[in-house]
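Here the structure comes first, spelled out in structure tokens, and everything after it is commentary.
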Amino acid sequence: MSENHDDPIRLLAIREAPLSLDEVHAAVGDDAAGGTTVFVGTVRDHDGGKSVAALEYSCHPSAGAEMRRIAEKVVADFPVRALAAVHRVGRLEIGDAAVIVAVSCPHRGEAFAAARRLIDDIKHEVPIWKHQVFTDGEEEWVGAGSC
């Protein structure tokens, strides 16, 4: 987390502990922002027509640096006042928050667009992998990024 409030990237983390929506929302508070968008990605009970029992996320050591690179690009491309993103690793149960992103901008449209870009790029570019355990005993690894 950056302590410099001149830096719009206020919170970036990959952690094993449960994620806090309040922490992420508080990190993007800014008096000059007219719109704040928050997205919470949760573990659902199904995928591809199969029932999911649990998930386990793991990441490459470069994941934090990749998350920062993506955040810096979003800040460069949108009028971001404040940005935060946290992703969980380890075992998660159905309903657990896996990722939370938030962006504050002067206007709501910009906040929605910046948050959408942030979560989409994290999902596609940060080397975090999802190991799905299905209720029928089958398992599957899904890449959420590349090395």
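Residue numbering restarts at 1 in every chain; chains get A, B, ... in the order shown in the structure tokens, and ligands count up from 1 in that same order.
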
If you take only C-alpha atoms and a cut-off of 12 Å, which residues of region 75-137 of chain A touch region 11-18 of chain A, and what are their nearest atom pairs and distances in Å to one decimal, in chain and number order, as JSON lines?
```
{"residue": "A:Ala82", "atom": "CA", "partner": "A:Leu11", "partner_atom": "CA", "distance": 9.0}
{"residue": "A:Leu83", "atom": "CA", "partner": "A:Leu11", "partner_atom": "CA", "distance": 6.9}
{"residue": "A:Ala84", "atom": "CA", "partner": "A:Leu11", "partner_atom": "CA", "distance": 4.5}
{"residue": "A:Ala85", "atom": "CA", "partner": "A:Leu12", "partner_atom": "CA", "distance": 5.0}
{"residue": "A:Val86", "atom": "CA", "partner": "A:Ala13", "partner_atom": "CA", "distance": 4.7}
{"residue": "A:His87", "atom": "CA", "partner": "A:Ile14", "partner_atom": "CA", "distance": 4.8}
{"residue": "A:Arg88", "atom": "CA", "partner": "A:Arg15", "partner_atom": "CA", "distance": 5.0}
{"residue": "A:Val89", "atom": "CA", "partner": "A:Glu16", "partner_atom": "CA", "distance": 5.0}
{"residue": "A:Gly90", "atom": "CA", "partner": "A:Glu16", "partner_atom": "CA", "distance": 5.6}
{"residue": "A:Arg91", "atom": "CA", "partner": "A:Glu16", "partner_atom": "CA", "distance": 8.3}
{"residue": "A:Leu92", "atom": "CA", "partner": "A:Pro18", "partner_atom": "CA", "distance": 8.8}
{"residue": "A:Glu93", "atom": "CA", "partner": "A:Pro18", "partner_atom": "CA", "distance": 10.8}
{"residue": "A:Gly95", "atom": "CA", "partner": "A:Pro18", "partner_atom": "CA", "distance": 11.4}
{"residue": "A:Asp96", "atom": "CA", "partner": "A:Pro18", "partner_atom": "CA", "distance": 7.8}
{"residue": "A:Ala97", "atom": "CA", "partner": "A:Pro18", "partner_atom": "CA", "distance": 7.3}
{"residue": "A:Ala98", "atom": "CA", "partner": "A:Pro18", "partner_atom": "CA", "distance": 8.4}
{"residue": "A:Val99", "atom": "CA", "partner": "A:Ile14", "partner_atom": "CA", "distance": 9.1}
{"residue": "A:Ile100", "atom": "CA", "partner": "A:Ala13", "partner_atom": "CA", "distance": 10.1}
{"residue": "A:Val101", "atom": "CA", "partner": "A:Leu12", "partner_atom": "CA", "distance": 9.2}
{"residue": "A:Ala102", "atom": "CA", "partner": "A:Leu11", "partner_atom": "CA", "distance": 9.6}
{"residue": "A:Val103", "atom": "CA", "partner": "A:Leu11", "partner_atom": "CA", "distance": 10.7}
{"residue": "A:Leu118", "atom": "CA", "partner": "A:Leu12", "partner_atom": "CA", "distance": 11.7}
{"residue": "A:Ile122", "atom": "CA", "partner": "A:Leu12", "partner_atom": "CA", "distance": 11.4}
{"residue": "A:Val126", "atom": "CA", "partner": "A:Ile14", "partner_atom": "CA", "distance": 10.8}
{"residue": "A:Pro127", "atom": "CA", "partner": "A:Ile14", "partner_atom": "CA", "distance": 11.4}
{"residue": "A:Ile128", "atom": "CA", "partner": "A:Ile14", "partner_atom": "CA", "distance": 9.7}
```

DSSP strand (DSSP E or B) residues within region 1-125 of chain A, as a short mmCIF file (atom, residue, chain, number, x, y, z; two decimals) with all heavy atoms, in the first residue's frame:
```cif
data_model
loop_
_atom_site.label_atom_id
_atom_site.label_comp_id
_atom_site.auth_asym_id
_atom_site.auth_seq_id
_atom_site.Cartn_x
_atom_site.Cartn_y
_atom_site.Cartn_z
N ILE A 9 -2.65 5.18 -6.68
CA ILE A 9 -2.67 3.75 -6.37
C ILE A 9 -2.52 3.63 -4.86
O ILE A 9 -1.42 3.73 -4.32
CB ILE A 9 -1.57 2.99 -7.13
CG1 ILE A 9 -1.76 3.17 -8.64
CG2 ILE A 9 -1.58 1.51 -6.74
CD1 ILE A 9 -0.62 2.64 -9.48
N ARG A 10 -3.64 3.43 -4.19
CA ARG A 10 -3.67 3.48 -2.73
C ARG A 10 -3.48 2.13 -2.06
O ARG A 10 -3.01 2.06 -0.93
CB ARG A 10 -4.99 4.09 -2.26
CG ARG A 10 -5.30 5.46 -2.84
CD ARG A 10 -4.62 6.57 -2.08
NE ARG A 10 -4.81 7.85 -2.71
CZ ARG A 10 -5.88 8.62 -2.57
NH1 ARG A 10 -6.88 8.24 -1.82
NH2 ARG A 10 -5.94 9.78 -3.21
N LEU A 11 -3.90 1.06 -2.73
CA LEU A 11 -3.82 -0.26 -2.12
C LEU A 11 -3.72 -1.32 -3.21
O LEU A 11 -4.59 -1.38 -4.08
CB LEU A 11 -5.07 -0.53 -1.25
CG LEU A 11 -5.26 -1.94 -0.71
CD1 LEU A 11 -4.15 -2.31 0.27
CD2 LEU A 11 -6.63 -2.07 -0.04
N LEU A 12 -2.66 -2.11 -3.17
CA LEU A 12 -2.50 -3.28 -4.03
C LEU A 12 -1.98 -4.40 -3.15
O LEU A 12 -1.01 -4.21 -2.44
CB LEU A 12 -1.50 -3.02 -5.16
CG LEU A 12 -1.86 -2.02 -6.23
CD1 LEU A 12 -0.70 -1.86 -7.21
CD2 LEU A 12 -3.11 -2.43 -6.97
N ALA A 13 -2.63 -5.55 -3.20
CA ALA A 13 -2.18 -6.65 -2.36
C ALA A 13 -2.67 -7.99 -2.89
O ALA A 13 -3.72 -8.09 -3.51
CB ALA A 13 -2.69 -6.46 -0.92
N ILE A 14 -1.85 -8.99 -2.62
CA ILE A 14 -2.23 -10.38 -2.83
C ILE A 14 -2.01 -11.02 -1.46
O ILE A 14 -0.92 -10.94 -0.90
CB ILE A 14 -1.36 -11.05 -3.90
CG1 ILE A 14 -1.58 -10.35 -5.25
CG2 ILE A 14 -1.68 -12.54 -3.98
CD1 ILE A 14 -0.63 -10.79 -6.34
N ARG A 15 -3.08 -11.59 -0.90
CA ARG A 15 -2.98 -12.08 0.47
C ARG A 15 -3.81 -13.33 0.71
O ARG A 15 -4.77 -13.58 0.00
CB ARG A 15 -3.35 -10.98 1.46
CG ARG A 15 -4.69 -10.33 1.20
CD ARG A 15 -5.10 -9.34 2.27
NE ARG A 15 -4.36 -8.10 2.24
CZ ARG A 15 -4.90 -6.91 2.39
NH1 ARG A 15 -6.19 -6.78 2.59
NH2 ARG A 15 -4.17 -5.83 2.37
N GLY A 35 -17.55 9.76 -8.52
CA GLY A 35 -18.01 8.39 -8.73
C GLY A 35 -16.98 7.40 -8.25
O GLY A 35 -15.79 7.55 -8.49
N THR A 36 -17.46 6.40 -7.55
CA THR A 36 -16.60 5.29 -7.09
C THR A 36 -17.27 4.00 -7.50
O THR A 36 -18.44 3.78 -7.20
CB THR A 36 -16.41 5.33 -5.56
OG1 THR A 36 -15.78 6.56 -5.20
CG2 THR A 36 -15.55 4.16 -5.09
N THR A 37 -16.51 3.14 -8.18
CA THR A 37 -17.01 1.83 -8.57
C THR A 37 -16.22 0.77 -7.81
O THR A 37 -14.99 0.81 -7.78
CB THR A 37 -16.85 1.61 -10.09
OG1 THR A 37 -17.62 2.60 -10.77
CG2 THR A 37 -17.33 0.23 -10.50
N VAL A 38 -16.95 -0.18 -7.23
CA VAL A 38 -16.35 -1.30 -6.51
C VAL A 38 -16.85 -2.59 -7.14
O VAL A 38 -18.05 -2.74 -7.38
CB VAL A 38 -16.73 -1.28 -5.01
CG1 VAL A 38 -16.13 -2.47 -4.28
CG2 VAL A 38 -16.31 0.03 -4.36
N PHE A 39 -15.94 -3.51 -7.41
CA PHE A 39 -16.30 -4.83 -7.92
C PHE A 39 -15.77 -5.88 -6.96
O PHE A 39 -14.61 -5.83 -6.55
CB PHE A 39 -15.70 -5.07 -9.31
CG PHE A 39 -15.88 -6.50 -9.76
CD1 PHE A 39 -17.08 -6.92 -10.29
CD2 PHE A 39 -14.85 -7.42 -9.61
CE1 PHE A 39 -17.26 -8.25 -10.66
CE2 PHE A 39 -15.01 -8.73 -9.99
CZ PHE A 39 -16.22 -9.16 -10.52
N VAL A 40 -16.63 -6.84 -6.62
CA VAL A 40 -16.24 -7.96 -5.77
C VAL A 40 -16.46 -9.25 -6.55
O VAL A 40 -17.60 -9.54 -6.96
CB VAL A 40 -17.07 -7.99 -4.46
CG1 VAL A 40 -16.63 -9.15 -3.58
CG2 VAL A 40 -16.98 -6.67 -3.72
N GLY A 41 -15.40 -9.99 -6.77
CA GLY A 41 -15.50 -11.30 -7.41
C GLY A 41 -15.56 -12.37 -6.34
O GLY A 41 -14.69 -12.42 -5.48
N THR A 42 -16.61 -13.19 -6.37
CA THR A 42 -16.81 -14.20 -5.34
C THR A 42 -16.77 -15.61 -5.92
O THR A 42 -16.97 -15.81 -7.12
CB THR A 42 -18.16 -13.99 -4.62
OG1 THR A 42 -19.20 -14.00 -5.60
CG2 THR A 42 -18.19 -12.68 -3.86
N HIS A 46 -20.77 -23.12 -9.03
CA HIS A 46 -20.78 -23.89 -10.27
C HIS A 46 -19.83 -23.26 -11.29
O HIS A 46 -19.50 -22.08 -11.19
CB HIS A 46 -22.19 -23.94 -10.86
CG HIS A 46 -22.65 -22.60 -11.33
ND1 HIS A 46 -23.10 -21.60 -10.49
CD2 HIS A 46 -22.69 -22.07 -12.58
CE1 HIS A 46 -23.40 -20.54 -11.19
NE2 HIS A 46 -23.17 -20.78 -12.46
N ASP A 47 -19.42 -24.07 -12.25
CA ASP A 47 -18.63 -23.57 -13.37
C ASP A 47 -18.73 -24.58 -14.50
O ASP A 47 -18.51 -25.78 -14.29
CB ASP A 47 -17.17 -23.36 -12.98
CG ASP A 47 -16.39 -22.66 -14.08
OD1 ASP A 47 -16.91 -21.70 -14.68
OD2 ASP A 47 -15.25 -23.08 -14.36
N LYS A 50 -20.81 -27.73 -13.93
CA LYS A 50 -20.41 -28.63 -12.85
C LYS A 50 -20.51 -27.90 -11.51
O LYS A 50 -20.26 -26.70 -11.42
CB LYS A 50 -18.97 -29.10 -13.05
CG LYS A 50 -18.78 -29.92 -14.32
CD LYS A 50 -17.32 -30.25 -14.51
CE LYS A 50 -17.12 -31.70 -14.13
NZ LYS A 50 -15.74 -32.13 -14.41
N SER A 51 -20.83 -28.65 -10.47
CA SER A 51 -20.92 -28.09 -9.12
C SER A 51 -19.52 -27.96 -8.52
O SER A 51 -18.74 -28.92 -8.54
CB SER A 51 -21.78 -28.97 -8.22
OG SER A 51 -23.12 -28.95 -8.66
N VAL A 52 -19.22 -26.77 -8.01
CA VAL A 52 -17.92 -26.49 -7.40
C VAL A 52 -18.01 -26.68 -5.89
O VAL A 52 -18.94 -26.17 -5.26
CB VAL A 52 -17.46 -25.06 -7.75
CG1 VAL A 52 -16.19 -24.68 -6.99
CG2 VAL A 52 -17.26 -24.91 -9.25
N ALA A 53 -17.02 -27.37 -5.31
CA ALA A 53 -16.96 -27.55 -3.86
C ALA A 53 -16.12 -26.46 -3.22
O ALA A 53 -16.48 -25.92 -2.17
CB ALA A 53 -16.38 -28.92 -3.52
N ALA A 54 -14.99 -26.12 -3.85
CA ALA A 54 -14.07 -25.10 -3.31
C ALA A 54 -13.07 -24.72 -4.39
O ALA A 54 -12.98 -25.37 -5.43
CB ALA A 54 -13.35 -25.63 -2.08
N LEU A 55 -12.32 -23.66 -4.12
CA LEU A 55 -11.26 -23.20 -5.02
C LEU A 55 -9.99 -22.99 -4.21
O LEU A 55 -10.04 -22.71 -3.02
CB LEU A 55 -11.60 -21.85 -5.65
CG LEU A 55 -12.80 -21.72 -6.55
CD1 LEU A 55 -12.90 -20.29 -7.04
CD2 LEU A 55 -12.69 -22.66 -7.73
N GLU A 56 -8.88 -23.09 -4.92
CA GLU A 56 -7.61 -22.69 -4.31
C GLU A 56 -6.87 -21.86 -5.34
O GLU A 56 -6.70 -22.30 -6.49
CB GLU A 56 -6.79 -23.91 -3.91
CG GLU A 56 -5.56 -23.51 -3.15
CD GLU A 56 -4.89 -24.67 -2.45
OE1 GLU A 56 -5.57 -25.66 -2.14
OE2 GLU A 56 -3.68 -24.56 -2.21
N TYR A 57 -6.47 -20.65 -4.95
CA TYR A 57 -5.71 -19.77 -5.83
C TYR A 57 -4.24 -19.81 -5.43
O TYR A 57 -3.91 -19.84 -4.24
CB TYR A 57 -6.19 -18.32 -5.71
CG TYR A 57 -7.48 -18.03 -6.41
CD1 TYR A 57 -8.69 -18.06 -5.73
CD2 TYR A 57 -7.50 -17.70 -7.76
CE1 TYR A 57 -9.88 -17.77 -6.37
CE2 TYR A 57 -8.69 -17.41 -8.41
CZ TYR A 57 -9.87 -17.45 -7.70
OH TYR A 57 -11.05 -17.16 -8.35
N SER A 58 -3.38 -19.79 -6.43
CA SER A 58 -1.95 -19.64 -6.20
C SER A 58 -1.43 -18.63 -7.21
O SER A 58 -2.08 -18.34 -8.21
CB SER A 58 -1.23 -20.99 -6.33
OG SER A 58 -1.41 -21.53 -7.62
N CYS A 59 -0.23 -18.08 -6.93
CA CYS A 59 0.29 -17.06 -7.83
C CYS A 59 1.80 -17.21 -8.00
O CYS A 59 2.49 -17.78 -7.16
CB CYS A 59 -0.06 -15.66 -7.34
SG CYS A 59 0.77 -15.16 -5.82
N ALA A 82 -8.31 7.67 -7.20
CA ALA A 82 -7.79 6.65 -6.28
C ALA A 82 -8.16 5.27 -6.82
O ALA A 82 -9.22 5.09 -7.42
CB ALA A 82 -8.37 6.85 -4.89
N LEU A 83 -7.27 4.30 -6.58
CA LEU A 83 -7.45 2.95 -7.09
C LEU A 83 -6.98 1.95 -6.04
O LEU A 83 -6.00 2.20 -5.33
CB LEU A 83 -6.61 2.79 -8.37
CG LEU A 83 -6.53 1.44 -9.06
CD1 LEU A 83 -6.34 1.64 -10.56
CD2 LEU A 83 -5.40 0.60 -8.50
N ALA A 84 -7.67 0.83 -5.93
CA ALA A 84 -7.28 -0.24 -5.02
C ALA A 84 -7.64 -1.58 -5.63
O ALA A 84 -8.65 -1.69 -6.33
CB ALA A 84 -7.97 -0.08 -3.67
N ALA A 85 -6.81 -2.59 -5.38
CA ALA A 85 -7.10 -3.95 -5.84
C ALA A 85 -6.44 -4.94 -4.88
O ALA A 85 -5.27 -4.79 -4.55
CB ALA A 85 -6.57 -4.16 -7.25
N VAL A 86 -7.22 -5.93 -4.45
CA VAL A 86 -6.69 -7.00 -3.61
C VAL A 86 -7.20 -8.32 -4.17
O VAL A 86 -8.34 -8.43 -4.60
CB VAL A 86 -7.08 -6.85 -2.12
CG1 VAL A 86 -6.39 -5.65 -1.50
CG2 VAL A 86 -8.57 -6.74 -1.93
N HIS A 87 -6.32 -9.32 -4.17
CA HIS A 87 -6.68 -10.66 -4.65
C HIS A 87 -6.27 -11.66 -3.59
O HIS A 87 -5.21 -11.54 -2.99
CB HIS A 87 -5.97 -10.98 -5.96
CG HIS A 87 -6.64 -12.05 -6.76
ND1 HIS A 87 -6.80 -13.35 -6.30
CD2 HIS A 87 -7.21 -12.01 -7.99
CE1 HIS A 87 -7.43 -14.06 -7.22
NE2 HIS A 87 -7.69 -13.27 -8.26
N ARG A 88 -7.11 -12.62 -3.37
CA ARG A 88 -6.84 -13.62 -2.36
C ARG A 88 -6.18 -14.84 -2.99
O ARG A 88 -6.47 -15.20 -4.13
CB ARG A 88 -8.16 -14.03 -1.69
CG ARG A 88 -7.92 -14.88 -0.47
CD ARG A 88 -9.02 -14.73 0.53
NE ARG A 88 -8.84 -15.77 1.55
CZ ARG A 88 -9.82 -16.39 2.15
NH1 ARG A 88 -11.08 -16.06 1.87
NH2 ARG A 88 -9.58 -17.30 3.06
N GLY A 90 -4.80 -19.02 -1.75
CA GLY A 90 -5.09 -20.05 -0.76
C GLY A 90 -6.46 -20.65 -1.03
O GLY A 90 -7.07 -20.43 -2.07
N ARG A 91 -6.96 -21.42 -0.06
CA ARG A 91 -8.25 -22.10 -0.22
C ARG A 91 -9.39 -21.15 0.11
O ARG A 91 -9.38 -20.49 1.14
CB ARG A 91 -8.31 -23.32 0.69
CG ARG A 91 -9.59 -24.13 0.47
CD ARG A 91 -9.57 -25.44 1.26
NE ARG A 91 -10.83 -26.13 1.18
CZ ARG A 91 -11.15 -27.03 0.26
NH1 ARG A 91 -10.27 -27.33 -0.69
NH2 ARG A 91 -12.33 -27.62 0.25
N LEU A 92 -10.38 -21.11 -0.79
CA LEU A 92 -11.57 -20.30 -0.61
C LEU A 92 -12.79 -21.19 -0.71
O LEU A 92 -12.81 -22.15 -1.48
CB LEU A 92 -11.66 -19.21 -1.68
CG LEU A 92 -10.75 -17.99 -1.52
CD1 LEU A 92 -9.31 -18.32 -1.84
CD2 LEU A 92 -11.24 -16.88 -2.42
N GLU A 93 -13.81 -20.84 0.03
CA GLU A 93 -15.07 -21.58 0.03
C GLU A 93 -16.11 -20.82 -0.80
O GLU A 93 -15.93 -19.64 -1.12
CB GLU A 93 -15.56 -21.77 1.47
CG GLU A 93 -14.58 -22.48 2.39
CD GLU A 93 -14.23 -23.89 1.95
OE1 GLU A 93 -15.11 -24.57 1.37
OE2 GLU A 93 -13.08 -24.32 2.18
N ALA A 97 -14.94 -13.84 -0.98
CA ALA A 97 -14.44 -12.86 -1.95
C ALA A 97 -13.05 -13.28 -2.41
O ALA A 97 -12.15 -13.49 -1.59
CB ALA A 97 -14.38 -11.47 -1.31
N ALA A 98 -12.89 -13.41 -3.72
CA ALA A 98 -11.60 -13.78 -4.30
C ALA A 98 -10.81 -12.55 -4.73
O ALA A 98 -9.59 -12.54 -4.68
CB ALA A 98 -11.81 -14.71 -5.49
N VAL A 99 -11.52 -11.51 -5.16
CA VAL A 99 -10.86 -10.29 -5.63
C VAL A 99 -11.81 -9.11 -5.40
O VAL A 99 -13.03 -9.25 -5.53
CB VAL A 99 -10.47 -10.40 -7.13
CG1 VAL A 99 -11.69 -10.61 -8.02
CG2 VAL A 99 -9.66 -9.21 -7.60
N ILE A 100 -11.23 -7.99 -5.00
CA ILE A 100 -11.99 -6.74 -4.86
C ILE A 100 -11.18 -5.64 -5.51
O ILE A 100 -9.99 -5.48 -5.22
CB ILE A 100 -12.27 -6.37 -3.39
CG1 ILE A 100 -13.00 -7.50 -2.66
CG2 ILE A 100 -13.08 -5.07 -3.32
CD1 ILE A 100 -13.16 -7.26 -1.15
N VAL A 101 -11.80 -4.90 -6.42
CA VAL A 101 -11.18 -3.72 -7.01
C VAL A 101 -12.11 -2.53 -6.82
O VAL A 101 -13.32 -2.68 -6.78
CB VAL A 101 -10.84 -3.90 -8.51
CG1 VAL A 101 -9.91 -5.09 -8.73
CG2 VAL A 101 -12.07 -4.02 -9.36
N ALA A 102 -11.50 -1.36 -6.71
CA ALA A 102 -12.28 -0.13 -6.59
C ALA A 102 -11.52 1.01 -7.24
O ALA A 102 -10.29 1.07 -7.16
CB ALA A 102 -12.54 0.19 -5.12
N VAL A 103 -12.28 1.89 -7.89
CA VAL A 103 -11.70 3.05 -8.55
C VAL A 103 -12.59 4.25 -8.31
O VAL A 103 -13.82 4.16 -8.45
CB VAL A 103 -11.55 2.81 -10.07
CG1 VAL A 103 -10.98 4.04 -10.75
CG2 VAL A 103 -10.69 1.59 -10.36
N SER A 104 -11.98 5.37 -7.95
CA SER A 104 -12.68 6.65 -7.82
C SER A 104 -12.20 7.59 -8.91
O SER A 104 -11.00 7.70 -9.15
CB SER A 104 -12.41 7.28 -6.45
OG SER A 104 -12.95 6.50 -5.43
N CYS A 105 -13.15 8.24 -9.56
CA CYS A 105 -12.86 9.19 -10.64
C CYS A 105 -13.77 10.41 -10.47
O CYS A 105 -14.74 10.36 -9.70
CB CYS A 105 -13.12 8.55 -12.00
SG CYS A 105 -11.98 7.23 -12.46
#
```

Q | helix (DSSP H, G or I) residues, from DSSP on the backbone, in region 2-128 of chain A, as number ranges by chain | A | A: 21-27, 63-77, 108-125

Q) Expressed in Å to a single decimal, how great is the separation between CA of Trp129 (chain A) and CA of Glu110 (chain A)? A)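 The value is 29.2 Å.
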
**Q.** Distance query Glu66 (chain A) at most 10 Å, only C-alpha atoms, self and fewer than 3 positions along chain excluded, as a PyMOL selection string
**A.** chain A and resi 60-63+69-72+121-122+125-127+145+147

Q: Go through A:Ile94, A:Gly109, A:Asp22, A:Gly34 and flag the residue nearest Val133 (chain A), using only C-alpha atoms for the distances.
A: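 With only C-alpha atoms as the atom set, the closest residue is A:Ile94.
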
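Minimum atom-to-atom distance to His124 (chain A), evaluated using only C-alpha atoms, belongs to A:Gly143 out of A:Arg44, A:Ala111, A:Gly137, A:Gly143.
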